[in-house]
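> Mind looking over this structure? Questions follow.
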Amino acid sequence: MRVDLFVPCFVDQFAPDVGFATVELLERLGCEARFRKEQTCCGQPLANSGYVDEACSLAKRFLDVFEGADYIVAPSGSCVAMVRKQFPHLVEDDPRVAACGERTFELCEFLVDVLKVERIPSRFPHRVALHKSCHGLRELRLGRSSERMEPDFDKVAAVLQRVEGLELVPLERADECCGFGGTFSVKESDVACSMGRDKLTNAVASGAEVLASTDSSCLLHLGGVFDRERARIRRMHVAEILAGRPLPS
């Protein structure tokens with residue numbers, strides 16, 4: 001199966017190993033992973049800040065770059081949500097937009113819904129708590145959010161539980177925002193940091209060695225809070241755990 005890798009800005013600039021781990025995992029599972037060098041930002045930061053014309057330009061570029069791709073996979077729930085949920089509003093007159101959204105998947109979503117993996121070929125003998133990021137949960141429906149009365153499901157947790165040696169521990173208020181929210185964490189930094197400290201309190205109380213997330217942006221924000229509070233709990237992207245990366249020092 002041929003897969004085109006979409007690497008979000010936060011991964012490219014701040015967490016490149018997440019991209020490498022994603023490629024390694026996909027190839028280990030039998031996929032042919034390809035990276036198109038001409039790809040750029042999906043336009044989410046511009047759209048969130050009200051720069052609609054500029055975001056529209058980047059959305060059209062995304063459609064140009066990934067035209068003809070069988071599957072587009074990204075280690076980011078928020079960026080995939082941008083492509084699938086916001087592109088139709090930005091470029092509604094482009095006939096390619098619907099098909100592009102149908103072919104674009106968050107990594108864990110791809111493993112569950114397309115590859116239908118029963119086992120992840122890696123080992124991670126550690127206690128892991130999962131922070132459920134807002135876009136992945138509420139736009140991509142990677143799991144049940146606490147405000148909805150529906151049967152419980154969690155695609156990310158299901159994938160993590162297929163890793164040998166991994167113990168998934170419950171995290172109180174796991175689907176509550178970490179406080180990042182893109183430009184929100186800059187414009188409302190006091191509120192964002194307070195939300196991050198709440199997440200830290202719950203992560204420490206869980207007894208986890210690692211706090212995991214599908215979004216590097218959430219982990220970057222939480223990393224600043226955790227480091228300032230000198231918390232010993234590590235932060236890792238789900239892709240790194242699935243690829244069997246060692247605990248960060």
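Letters A, B, ... mark the chains of the structure tokens in the order given; residue numbers begin at 1 per chain; ligand numbers begin at 1, in order shown.
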I'd like the neighbourhood of range 86-96 of chain A as a list of chain:residue names, where a residue qualifies if any of its atoms comes within 9 Å (using only C-alpha atoms), though same-chain residues fewer than 4 positions away should be ignored.
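Counting only C-alpha atoms, the residues come to A:Gln44, A:Ala47, A:Val52, A:Asp53, A:Ala55, A:Cys56, A:Ser57, A:Ala59, A:Lys60, A:Leu63, A:Glu67, A:Ala81, A:Met82, A:Cys100, A:Gly101.
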> Which residues come within 8 Å of Phe105 in chain A, counting only C-alpha atoms, excluding same-chain residues fewer than 3 positions away, as a PyMOL selection string?
chain A and resi 71-74+80+102+109-110
> Go ahead and write the selection's residues with C-alpha atoms as a CSV table (one decimal), in the first residue's frame.

```
chain,number,residue,atom,x,y,z
A,71,TYR,CA,-3.7,7.7,1.1
A,72,ILE,CA,-2.4,10.8,2.9
A,73,VAL,CA,-1.3,10.1,6.5
A,74,ALA,CA,-0.2,12.6,9.2
A,80,VAL,CA,-6.0,16.2,9.4
A,102,GLU,CA,-11.7,11.1,2.3
A,109,GLU,CA,-7.1,6.3,12.5
A,110,PHE,CA,-5.3,4.9,9.5
```
> Please return as number ranges by chain: the residues of range 84-189 of chain A that backbone DSSP assigns to alpha helix (DSSP H).
A: 87-90, 97-103, 107-110, 134-138, 155-160, 184-187, 189
> As a count of residues only, list the residues of range 1-239 of chain A assigned to strand (DSSP E or B) by DSSP on the backbone atoms of this structure.
37
> Can you tell me, as a list of chain:residue names, what residues are no more than 10 Å from Arg36 in chain A when counting only C-alpha atoms, ignoring any on the same chain fewer than 2 positions away?
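These residues fall inside the cut-off: A:Asp4, A:Leu5, A:Phe6, A:Val7, A:Arg34, A:Glu38, A:Gln39, A:Thr40, A:Val65, A:Phe66.
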> What are the closest atom pairs, with distances in Å to one decimal, for all residues of range 152-193 of chain A lying within 12 Å of range 220-243 of chain A? Consider only C-alpha atoms, order rows by chain and residue number, and present the result as a Markdown table.

```
| residue | atom | partner | partner_atom | distance |
| --- | --- | --- | --- | --- |
| A:Lys155 | CA | A:Val238 | CA | 11.8 |
| A:Val156 | CA | A:Val238 | CA | 8.2 |
| A:Ala157 | CA | A:Val238 | CA | 9.7 |
| A:Ala158 | CA | A:Leu242 | CA | 11.7 |
| A:Val159 | CA | A:Leu242 | CA | 8.2 |
| A:Leu160 | CA | A:Leu242 | CA | 6.9 |
| A:Gln161 | CA | A:Leu242 | CA | 9.9 |
| A:Arg162 | CA | A:Leu242 | CA | 9.0 |
| A:Val163 | CA | A:Leu242 | CA | 6.8 |
| A:Glu164 | CA | A:Leu242 | CA | 9.7 |
| A:Gly165 | CA | A:Ile241 | CA | 11.2 |
| A:Leu166 | CA | A:Ile241 | CA | 9.1 |
| A:Glu167 | CA | A:Ile241 | CA | 11.8 |
| A:Leu168 | CA | A:Ile241 | CA | 11.8 |
| A:Cys177 | CA | A:Leu222 | CA | 10.8 |
| A:Cys178 | CA | A:Leu222 | CA | 7.1 |
| A:Gly179 | CA | A:His221 | CA | 7.7 |
| A:Phe180 | CA | A:His221 | CA | 5.8 |
| A:Gly181 | CA | A:His221 | CA | 9.4 |
| A:Gly182 | CA | A:His221 | CA | 9.6 |
| A:Thr183 | CA | A:His221 | CA | 11.4 |
| A:Phe184 | CA | A:His221 | CA | 11.2 |
| A:Ser185 | CA | A:His221 | CA | 8.1 |
| A:Val186 | CA | A:His221 | CA | 10.5 |
| A:Ser189 | CA | A:His221 | CA | 10.5 |
| A:Asp190 | CA | A:Val225 | CA | 11.4 |
| A:Ala192 | CA | A:His221 | CA | 8.7 |
| A:Cys193 | CA | A:Val225 | CA | 6.7 |
```
> Can you spit out the residues from that selection as an mmCIF file, in the first residue's frame, using C-alpha atoms?

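The result, stored in again39.cif:
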```
data_model
loop_
_atom_site.group_PDB
_atom_site.id
_atom_site.type_symbol
_atom_site.label_atom_id
_atom_site.label_comp_id
_atom_site.auth_asym_id
_atom_site.auth_seq_id
_atom_site.Cartn_x
_atom_site.Cartn_y
_atom_site.Cartn_z
ATOM 1 C CA LYS A 155 -9.014 4.337 18.401
ATOM 2 C CA VAL A 156 -5.756 5.714 19.793
ATOM 3 C CA ALA A 157 -6.003 3.715 23.012
ATOM 4 C CA ALA A 158 -6.875 0.605 21.011
ATOM 5 C CA VAL A 159 -3.681 0.940 18.994
ATOM 6 C CA LEU A 160 -1.511 1.606 22.055
ATOM 7 C CA GLN A 161 -2.893 -1.480 23.773
ATOM 8 C CA ARG A 162 -1.567 -3.579 20.892
ATOM 9 C CA VAL A 163 2.035 -2.682 21.803
ATOM 10 C CA GLU A 164 3.847 -5.391 23.757
ATOM 11 C CA GLY A 165 4.618 -4.459 27.360
ATOM 12 C CA LEU A 166 2.696 -1.173 27.356
ATOM 13 C CA GLU A 167 0.386 -0.490 30.297
ATOM 14 C CA LEU A 168 -2.235 2.135 29.534
ATOM 15 C CA CYS A 177 -7.928 20.751 26.505
ATOM 16 C CA CYS A 178 -4.275 21.097 27.506
ATOM 17 C CA GLY A 179 -4.416 24.861 26.937
ATOM 18 C CA PHE A 180 -2.492 25.094 23.683
ATOM 19 C CA GLY A 181 -5.201 25.945 21.164
ATOM 20 C CA GLY A 182 -2.797 27.475 18.627
ATOM 21 C CA THR A 183 -2.659 31.243 19.003
ATOM 22 C CA PHE A 184 -4.822 30.940 22.146
ATOM 23 C CA SER A 185 -1.734 29.956 24.150
ATOM 24 C CA VAL A 186 -0.072 33.199 23.053
ATOM 25 C CA SER A 189 -1.031 32.677 28.081
ATOM 26 C CA ASP A 190 -2.106 32.797 31.749
ATOM 27 C CA ALA A 192 -3.244 28.340 28.799
ATOM 28 C CA CYS A 193 -0.579 27.746 31.440
#
```
> Which residues come within 10 Å of Ala129 in chain A, counting only C-alpha atoms, excluding same-chain residues fewer than 2 positions away, as a ChimeraX atom specification?
/A:126-127,131-132,157,167-172,174,202-204,206-213,235
> Considering only C-alpha atoms, state which residue in the set A:Ala33, A:Leu25, A:Cys218, A:Val128 is at the smallest distance from Ser78 in chain A.
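Of all the options, A:Cys218 lies closest to Ser78 in chain A.
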> From the options A:Arg28, A:Arg173, A:Arg61, A:Arg245, which residue's atoms come nearest to Ser133 in chain A, counting only C-alpha atoms?
A:Arg173
> Please, what distance in Å, to one decimal, runs between CA of Pro151 in chain A and CA of Met195 in chain A?
27.4 Å
> Tell me, in Å to one decimal, how far CA of Ala15 in chain A is from CA of Val3 in chain A.
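Taking CA of Ala15 in chain A and CA of Val3 in chain A, their separation equals 20.6 Å.
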> Skipping near chain neighbours, those fewer than 4 positions away, what residues fall within 10 Å of Leu115 in chain A using only C-alpha atoms, listed as an MDAnalysis selection string?
chainID A and resid 1 26 29:31 108:111
> How would the residues just chosen look if you wrote them out with C-alpha atoms as a PDB file, in the first residue's frame?

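As written to disk, part.pdb reads:
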```pdb
ATOM      1  CA  MET A   1       0.000   0.000   0.000  1.00  0.00           C
ATOM      2  CA  LEU A  26       4.260   2.421   8.361  1.00  0.00           C
ATOM      3  CA  LEU A  29       3.499  -2.611   8.682  1.00  0.00           C
ATOM      4  CA  GLY A  30       4.064  -3.147   4.961  1.00  0.00           C
ATOM      5  CA  CYS A  31       3.347   0.315   3.545  1.00  0.00           C
ATOM      6  CA  CYS A 108      -3.903   5.924  14.511  1.00  0.00           C
ATOM      7  CA  GLU A 109      -7.119   6.337  12.543  1.00  0.00           C
ATOM      8  CA  PHE A 110      -5.314   4.934   9.495  1.00  0.00           C
ATOM      9  CA  LEU A 111      -4.005   1.957  11.463  1.00  0.00           C
TER      10      LEU A 111
END
```
> Mind giving me the straight-line distance from CA of Ala21 in chain A to CA of Ala98 in chain A in Å, one decimal?
28.7 Å
> Between A:Arg123, A:Arg148, A:His135, A:Arg197, which one has atoms that come closest to Pro246 in chain A, using only C-alpha atoms?
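Of the candidates, the smallest distance to Pro246 in chain A is held by A:Arg123.
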> Which of these, A:Tyr51, A:Gly244, A:Glu118, A:Val83, has the shortest distance to Thr22 in chain A once you count only C-alpha atoms?
A:Gly244
